[in-house]
Structure formats: C-alpha cells, structure tokens
>>> print(open('target_7.cif').read())   # mmCIF, C-alpha atoms
data_final
loop_
_atom_site.label_atom_id
_atom_site.label_comp_id
_atom_site.auth_asym_id
_atom_site.auth_seq_id
_atom_site.Cartn_x
_atom_site.Cartn_y
_atom_site.Cartn_z
CA MET A 7 119.08 142.23 11.29
CA LYS A 8 118.30 144.50 14.22
CA THR A 9 120.97 144.92 16.89
CA ILE A 10 118.54 143.83 19.58
CA HIS A 11 118.05 140.50 17.75
CA LYS A 12 121.78 139.97 17.57
CA ILE A 13 122.14 140.72 21.27
CA LEU A 14 119.36 138.28 22.17
CA ILE A 15 120.83 135.52 19.99
CA GLY A 16 124.26 136.05 21.55
CA LEU A 17 123.00 136.19 25.12
CA SER A 18 120.83 133.09 24.93
CA ALA A 19 123.47 131.00 23.14
CA GLY A 20 126.12 132.23 25.57
CA VAL A 21 124.12 131.34 28.68
CA LEU A 22 123.45 127.79 27.41
CA ASN A 23 127.07 127.37 26.40
CA GLY A 24 128.38 128.57 29.75
CA LEU A 25 125.79 126.80 31.87
CA PHE A 26 125.74 123.35 30.26
CA GLY A 27 128.87 123.34 28.10
CA SER A 28 126.61 122.54 25.17
CA GLY A 29 123.44 123.58 23.42
CA GLY A 30 124.27 127.02 22.04
CA GLY A 31 123.74 125.86 18.47
CA VAL A 32 120.23 124.75 19.36
CA VAL A 33 119.32 128.44 19.71
CA THR A 34 121.55 130.13 17.15
CA VAL A 35 120.59 128.06 14.09
CA PRO A 36 116.79 128.53 14.31
CA LEU A 37 117.08 132.17 15.42
CA LEU A 38 119.41 133.05 12.54
CA GLU A 39 117.05 131.23 10.16
CA ARG A 40 114.13 133.24 11.47
CA SER A 41 116.11 136.42 10.85
CA GLY A 42 116.24 135.52 7.18
CA VAL A 43 119.75 134.12 6.89
CA GLU A 44 120.13 131.35 4.32
CA GLN A 45 120.07 127.91 5.94
CA ARG A 46 123.58 126.73 5.06
CA LYS A 47 124.95 130.06 6.26
CA CYS A 48 123.08 129.67 9.54
CA HIS A 49 124.84 126.40 10.26
CA ALA A 50 128.26 127.70 9.23
CA THR A 51 127.92 131.00 11.11
CA SER A 52 126.62 129.15 14.15
CA VAL A 53 129.71 126.90 14.24
CA VAL A 54 131.95 129.99 14.28
CA LEU A 55 129.85 131.67 16.98
CA ILE A 56 129.80 128.60 19.21
CA PHE A 57 133.54 128.24 18.71
CA VAL A 58 134.09 131.75 20.10
CA LEU A 59 131.63 131.18 22.96
CA SER A 60 133.19 127.81 23.82
CA PHE A 61 136.58 129.49 23.99
CA ILE A 62 135.25 131.96 26.56
CA SER A 63 133.44 129.25 28.52
CA VAL A 64 136.56 127.08 28.54
CA GLY A 65 138.38 130.02 30.13
CA MET A 66 135.69 130.31 32.79
CA TYR A 67 135.71 126.56 33.45
CA ALA A 68 139.50 126.67 33.71
CA ILE A 69 139.34 129.40 36.35
CA ASN A 70 136.95 127.25 38.36
CA ASP A 71 139.05 124.14 37.79
CA ASN A 72 136.28 122.31 35.95
CA LEU A 73 138.36 120.98 33.06
CA ASP A 74 139.63 117.45 32.53
CA PHE A 75 142.20 117.67 29.73
CA VAL A 76 143.31 114.04 29.94
CA LYS A 77 139.77 112.70 29.61
CA THR A 78 139.04 115.06 26.70
CA LEU A 79 142.08 113.83 24.78
CA GLU A 80 140.61 110.33 24.71
CA PHE A 81 137.77 111.55 22.48
CA ILE A 82 139.50 113.98 20.15
CA PRO A 83 141.12 111.65 17.55
CA SER A 84 137.92 109.70 16.91
CA GLY A 85 135.95 112.93 17.10
CA LEU A 86 138.01 114.49 14.31
CA VAL A 87 137.49 111.42 12.12
CA GLY A 88 133.77 111.67 12.84
CA ALA A 89 133.76 115.36 11.94
CA LEU A 90 135.42 114.73 8.59
CA VAL A 91 133.04 111.87 7.78
CA GLY A 92 130.09 113.98 8.85
CA ALA A 93 131.15 116.93 6.72
CA THR A 94 131.23 114.71 3.63
CA LEU A 95 128.06 112.81 4.50
CA LEU A 96 126.03 115.95 5.11
CA LYS A 97 126.03 116.77 1.41
CA LYS A 98 124.63 113.34 0.53
CA VAL A 99 122.19 112.40 3.27
CA LYS A 100 119.64 114.78 4.63
CA ASN A 101 118.20 111.96 6.53
CA ASN A 102 114.95 112.21 8.43
CA SER A 103 115.49 108.82 10.02
CA LEU A 104 118.80 110.09 11.38
CA LYS A 105 117.03 113.05 12.95
CA ARG A 106 114.39 110.75 14.33
CA ILE A 107 116.89 108.33 15.85
CA PHE A 108 118.78 111.24 17.36
CA GLY A 109 115.55 112.69 18.75
CA LEU A 110 114.61 109.38 20.35
CA ILE A 111 118.07 108.88 21.87
CA ILE A 112 118.08 112.23 23.57
CA ILE A 113 114.46 111.95 24.77
CA ALA A 114 115.27 108.55 26.31
CA SER A 115 118.39 110.05 27.92
CA ALA A 116 116.41 113.00 29.24
CA ILE A 117 113.87 110.70 30.87
CA ARG A 118 116.65 108.63 32.43
CA MET A 119 118.31 111.77 33.75
CA PHE A 120 115.05 112.89 35.35
CA VAL A 121 114.53 109.51 36.98
CA ALA A 122 118.14 108.91 38.06
CA MET E 13 133.79 102.52 23.60
CA ASN E 14 135.42 105.96 23.99
CA HIS E 15 136.33 105.96 20.32
CA ILE E 16 132.81 105.11 19.26
CA ALA E 17 131.43 107.91 21.43
CA GLY E 18 134.03 110.36 20.10
CA PHE E 19 133.34 109.35 16.51
CA LEU E 20 129.57 109.72 16.90
CA ALA E 21 129.94 113.04 18.71
CA GLY E 22 132.24 114.40 15.99
CA LEU E 23 129.93 113.08 13.27
CA THR E 24 126.78 114.61 14.72
CA ALA E 25 128.57 117.86 15.61
CA SER E 26 129.75 118.38 12.06
CA MET E 27 126.33 117.51 10.67
CA GLY E 28 124.70 120.06 12.93
CA LEU E 29 122.73 117.46 14.80
CA GLY E 30 124.00 118.45 18.22
CA GLY E 31 127.15 116.47 18.87
CA GLY E 32 127.59 117.96 22.31
CA PHE E 33 124.55 116.17 23.58
CA ILE E 34 125.88 112.78 22.50
CA LEU E 35 129.18 113.25 24.33
CA ILE E 36 127.60 114.59 27.52
CA ILE E 37 125.02 111.79 27.57
CA TYR E 38 127.78 109.22 27.09
CA LEU E 39 129.93 110.75 29.83
CA SER E 40 127.14 110.94 32.36
CA PHE E 41 125.72 107.45 31.75
CA PHE E 42 128.74 105.32 30.92
CA GLU E 43 131.48 107.11 32.78
CA ASP E 44 129.40 108.47 35.64
CA ILE E 45 130.87 111.96 35.27
CA ASN E 46 128.86 114.86 36.69
CA GLN E 47 127.19 117.46 34.48
CA SER E 48 129.64 120.33 35.01
CA THR E 49 132.73 118.18 34.28
CA ALA E 50 131.01 116.59 31.27
CA GLY E 51 130.17 120.09 30.01
CA GLY E 52 133.80 121.13 30.40
CA ILE E 53 135.02 118.07 28.48
CA ASN E 54 132.51 118.78 25.75
CA LEU E 55 133.64 122.42 25.44
CA LEU E 56 137.29 121.39 25.10
CA PHE E 57 136.35 118.60 22.68
CA PHE E 58 134.41 121.02 20.50
CA LEU E 59 137.28 123.51 20.04
CA PRO E 60 139.48 121.54 17.56
CA ILE E 61 136.44 120.16 15.74
CA ALA E 62 134.86 123.59 15.35
CA LEU E 63 138.20 125.09 14.30
CA ILE E 64 138.45 122.68 11.36
CA SER E 65 134.81 123.19 10.39
CA ALA E 66 135.12 126.97 10.73
CA PHE E 67 138.14 126.97 8.43
CA PHE E 68 136.15 125.21 5.69
CA HIS E 69 133.08 127.38 6.24
CA PHE E 70 135.09 130.61 5.97
CA ARG E 71 136.81 129.35 2.84
CA ASN E 72 133.46 128.45 1.30
CA GLY E 73 132.13 131.92 2.09
CA LEU E 74 129.32 130.58 4.24
CA VAL E 75 130.01 132.72 7.31
CA GLU E 76 127.96 135.90 7.81
CA LYS E 77 130.85 138.00 9.08
CA LYS E 78 128.74 141.12 9.59
CA LEU E 79 126.66 139.40 12.25
CA LEU E 80 129.53 137.93 14.20
CA LEU E 81 130.80 140.93 16.15
CA VAL E 82 127.65 141.98 18.02
CA ILE E 83 126.47 138.40 18.62
CA CYS E 84 129.89 137.40 19.94
CA ILE E 85 130.09 140.35 22.33
CA ALA E 86 126.60 139.63 23.70
CA GLY E 87 127.47 135.93 23.70
CA ALA E 88 130.58 136.56 25.78
CA PHE E 89 128.45 138.18 28.49
CA GLY E 90 126.03 135.26 28.27
CA ALA E 91 128.78 132.64 28.49
CA ILE E 92 130.40 134.31 31.49
CA SER E 93 127.10 134.61 33.36
CA GLY E 94 126.12 131.05 32.38
CA ALA E 95 129.40 129.67 33.73
CA LEU E 96 129.04 131.71 36.94
CA LEU E 97 125.48 130.45 37.36
CA MET E 98 126.68 126.89 36.87
CA ASN E 99 128.98 127.26 39.88
CA LEU E 100 126.10 128.41 42.06
CA LEU E 101 123.78 125.57 41.12
CA ASP E 102 123.66 122.18 42.71
CA GLU E 103 124.89 119.34 40.41
CA GLU E 104 121.61 117.49 40.74
CA LEU E 105 119.58 120.53 39.69
CA LEU E 106 121.98 121.25 36.82
CA ARG E 107 121.51 117.68 35.58
CA LYS E 108 117.73 118.01 35.73
CA MET E 109 117.86 121.31 33.85
CA PHE E 110 120.05 119.75 31.18
CA ALA E 111 117.57 116.86 30.96
CA GLY E 112 114.83 119.44 30.38
CA LEU E 113 116.81 121.00 27.53
CA LEU E 114 117.38 117.54 26.01
CA LEU E 115 113.69 116.77 26.18
CA LEU E 116 112.78 119.98 24.35
CA VAL E 117 115.40 119.48 21.65
CA GLY E 118 114.48 115.80 21.23
CA LEU E 119 110.81 116.62 20.74
CA LYS E 120 111.71 119.36 18.27
CA GLU E 121 113.87 116.94 16.24
CA LEU E 122 111.03 114.42 16.12
CA LEU E 123 108.46 117.00 15.06
CA ASN E 124 110.82 118.41 12.41
CA SER E 125 111.45 114.97 10.95
CA GLN E 126 107.66 114.54 10.62
CA LYS E 127 107.43 117.85 8.80
CA TYR E 128 110.17 116.90 6.36
CA ASN E 129 108.52 113.56 5.74
CA SER E 130 105.34 115.17 4.50
CA LYS E 131 107.29 116.88 1.71
CA PRO E 132 107.72 114.90 -1.51
CA HIS E 133 110.91 112.87 -1.68
CA LYS E 134 113.79 114.10 -3.83
CA SER E 135 113.39 111.19 -6.24
CA GLN E 136 109.76 112.15 -6.81
CA ASN E 137 110.87 115.66 -7.71
CA MET E 138 113.37 114.21 -10.14
CA VAL E 139 110.61 112.19 -11.78
CA LYS E 140 108.53 115.35 -12.07
CA ASN E 141 111.45 117.19 -13.63
CA LEU E 142 111.92 114.40 -16.14
CA GLU E 143 108.26 114.59 -17.06
CA LYS E 144 108.52 118.29 -17.85
#
>>> encode(input="target_7.cif", output="structure tokens")
Amino acid sequence: MKTIHKILIGLSAGVLNGLFGSGGGVVTVPLLERSGVEQRKCHATSVVLIFVLSFISVGMYAINDNLDFVKTLEFIPSGLVGALVGATLLKKVKNNSLKRIFGLIIIASAIRMFVA
Amino acid sequence: MNHIAGFLAGLTASMGLGGGFILIIYLSFFEDINQSTAGGINLLFFLPIALISAFFHFRNGLVEKKLLLVICIAGAFGAISGALLMNLLDEELLRKMFAGLLLLVGLKELLNSQKYNSKPHKSQNMVKNLEK
C-alpha cells in the first residue's frame, strides 16, 4: 500500500474519531478493503487502529473536560458481555437482516436528529 | 435500559456493525446528553471493548502490523485536529453533522444488504456442492 493511502486513511479516521467520538471504523474498513487487504484482516486491523485513535481522542477530551467517567461505567459491564456474545455470533450469522435493521435504526435516528 | 443499550452497543461494536452509533443515539435520545459528551462517553466505552477484541485479533494473526505505524501517526494528527474542531463548533451544528454521517452510513448499510441478498444463499451453495 502506498504511504499516501495510509496517511489518508489515518487522517480521515482520526478526524471522525476526534470530532464525533465515533465513526472511524466506517472509513478504515472499506478503505483497507479497497487497498487489497483481506476482509477479516480489515476488521481486525481497524479495531486496533480505532483503539489507538480513541486513546488519543480521550486524551484530548480529557484536556477539554468533556469526559463523564461515572456515566461511562454504567455501560461497560453490559457492553463487555455484548462484545463477547458478538464475537462468537459473528462466526455464525452474517445476517443481512441485521444489517438492514441497523441501517433503518440509524437512518430514523438521523432524521430525528435533523428535525429535533 | 442502560444495560440493554450497553449490551447492544458492545454486540454491534464487536460485530463491526458500528457500536458507537448505537450508544451515541441512545445517549442523545434517551438521556438527553449533548453530542460532544456522548462522543466522549463512547470513546471511553470503546477502550476496554477494543482492548479485548484487539488481544484476540493479534493472537489470531489478523492484524496487519506493517500498516499500523503510518496510519496511526496520521490518525493521531487527525484525531487531535478533529477534537480541536469539535471545541470550536456549536453543539447544534455538531449534532446535525453527526446526523449527516449517520444518514450516509445507514444508506450504505441498506444498499450493502441488498447487494448481499442478490448472491445465492449459503445453503444453495451447499446443495450445489453436494450435487458435484
């Protein structure tokens, strides 16, 4: 992969991650795929990349006092259970209906956010 | 309710379906938390989950280590400028921009699921293999 591609992937994922606190993976997975990386590796590599970026963004958010540790703790135990279930499920269901439901949920949310 | 949201966010995050969106949507609609705080919560939330996933991915040899260095360095610049930009923007505008991102990703998911649907189902392939 050309260095310029790597730089572009990093920059775009970083900006999304820092700006919204989410969404870096949306860019890294398809861009890595387009660069010829095997699909499973794209997902795995993307998780590691977003982990590093999130670490940096968390630092920036901390400087600006934008972090709510107490609130976050409420979600972590159930989130970890979800992550373990998801990791096992992923091998079994490559579900289109799941993707479709997810797509509809976030489109509906987007519309509500625009209106609200 | 928090546990359900956490569970779903963890589930979708580990399946690569975009768990961050679920948590931020939940926080902004049900808890009335603004976009920048919701983003911060999501970043913190993602760290332990990604750490566990990353451990498994490294062990399974699925991580392209060669790519990491340059992308991470560029990504660090991106993340710092993104976070600085966030502080300059008005919450309302930030929320609208995030909504725009959601809309794009949602449409992409829907279109992708259509594409996958047009391919023959796994069971049909198995039948074909049996016929051979």
>>> resolve_selection(input="target_7.cif", expression="the PyMOL selection byres ((chain A and resi 34-48) around 12)", output="PyMOL selection string")
(chain A and resi 7-23+29-33+49-56+59+96-97) or (chain E and resi 27-30+66+69-70+72-80+83-84+87+117+120+124)
>>> atom_distance(input="target_7.cif", atom1="atom CA of Tyr38 of chain E", atom2="atom CA of Ser93 of chain E")
26.2 Å
>>> atom_distance(input="target_7.cif", atom1="atom CA of Phe75 of chain A", atom2="atom CA of Lys108 of chain E")
25.2 Å
>>> residues_near_point(input="target_7.cif", point="(131.3, 127.4, 29.7)", cutoff="6 Å", atoms="all atoms listed in the file", output="list in words")
Asn23, Gly24, Leu25, Gly27, Ser63, Val64 and Tyr67 of chain A; Ala91 and Ala95 of chain E
>>> residues_around(input="target_7.cif", residues="Leu110 of chain A", least_positions_apart="2", cutoff="10 Å", atoms="only C-alpha atoms", output="list in words")
Leu104, Lys105, Arg106, Ile107, Phe108, Ile112, Ile113, Ala114, Ser115 and Ala116 of chain A; Leu115, Gly118, Leu119, Glu121 and Leu122 of chain E
>>> closest_residue(input="target_7.cif", among="A:Phe57, A:Phe26, A:Phe120, A:Phe81", to="Ile16 of chain E", atoms="all atoms listed in the file")
A:Phe81
>>> closest_residue(input="target_7.cif", among="E:Ala86, E:Ile34, E:Asp44, E:Leu116", to="chain A", atoms="all atoms listed in the file")
E:Ala86
>>> resolve_selection(input="target_7.cif", expression="the PyMOL selection byres ((chain A and resi 74) around 12)", output="JSON, numbers by chain")
{"A": [64, 67, 68, 70, 71, 72, 73, 75, 76, 77, 78, 79, 80, 81], "E": [45, 46, 48, 49, 50, 51, 52, 53, 54, 55, 56, 57]}
>>> write_last_selection(input="target_7.cif", atoms="C-alpha atoms", output="PDB file, in the frame of the given file")
ATOM      1  CA  VAL A  64     136.560 127.080  28.540  1.00  0.00           C
ATOM      2  CA  TYR A  67     135.710 126.560  33.450  1.00  0.00           C
ATOM      3  CA  ALA A  68     139.500 126.670  33.710  1.00  0.00           C
ATOM      4  CA  ASN A  70     136.950 127.250  38.360  1.00  0.00           C
ATOM      5  CA  ASP A  71     139.050 124.140  37.790  1.00  0.00           C
ATOM      6  CA  ASN A  72     136.280 122.310  35.950  1.00  0.00           C
ATOM      7  CA  LEU A  73     138.360 120.980  33.060  1.00  0.00           C
ATOM      8  CA  PHE A  75     142.200 117.670  29.730  1.00  0.00           C
ATOM      9  CA  VAL A  76     143.310 114.040  29.940  1.00  0.00           C
ATOM     10  CA  LYS A  77     139.770 112.700  29.610  1.00  0.00           C
ATOM     11  CA  THR A  78     139.040 115.060  26.700  1.00  0.00           C
ATOM     12  CA  LEU A  79     142.080 113.830  24.780  1.00  0.00           C
ATOM     13  CA  GLU A  80     140.610 110.330  24.710  1.00  0.00           C
ATOM     14  CA  PHE A  81     137.770 111.550  22.480  1.00  0.00           C
TER      15      PHE A  81
ATOM     16  CA  ILE E  45     130.870 111.960  35.270  1.00  0.00           C
ATOM     17  CA  ASN E  46     128.860 114.860  36.690  1.00  0.00           C
ATOM     18  CA  SER E  48     129.640 120.330  35.010  1.00  0.00           C
ATOM     19  CA  THR E  49     132.730 118.180  34.280  1.00  0.00           C
ATOM     20  CA  ALA E  50     131.010 116.590  31.270  1.00  0.00           C
ATOM     21  CA  GLY E  51     130.170 120.090  30.010  1.00  0.00           C
ATOM     22  CA  GLY E  52     133.800 121.130  30.400  1.00  0.00           C
ATOM     23  CA  ILE E  53     135.020 118.070  28.480  1.00  0.00           C
ATOM     24  CA  ASN E  54     132.510 118.780  25.750  1.00  0.00           C
ATOM     25  CA  LEU E  55     133.640 122.420  25.440  1.00  0.00           C
ATOM     26  CA  LEU E  56     137.290 121.390  25.100  1.00  0.00           C
ATOM     27  CA  PHE E  57     136.350 118.600  22.680  1.00  0.00           C
TER      28      PHE E  57
END
>>> closest_residue(input="target_7.cif", among="A:Val91, A:Ile69, A:Ile82, A:Val58", to="His15 of chain E", atoms="only C-alpha atoms")
A:Ile82
>>> atom_distance(input="target_7.cif", atom1="atom CA of Glu104 of chain E", atom2="atom CA of Leu35 of chain E")
18.6 Å
>>> closest_residue(input="target_7.cif", among="E:Leu105, E:Leu97, E:Ile64, E:Ala111", to="Arg118 of chain A", atoms="only C-alpha atoms")
E:Ala111
>>> closest_residue(input="target_7.cif", among="A:Gly65, A:Ile117, A:Thr94, A:Gly88", to="chain E", atoms="all atoms listed in the file")
A:Gly88
>>> closest_residue(input="target_7.cif", among="A:Ile111, A:Phe61, A:Gly85, A:Leu90", to="chain E", atoms="all atoms listed in the file")
A:Gly85
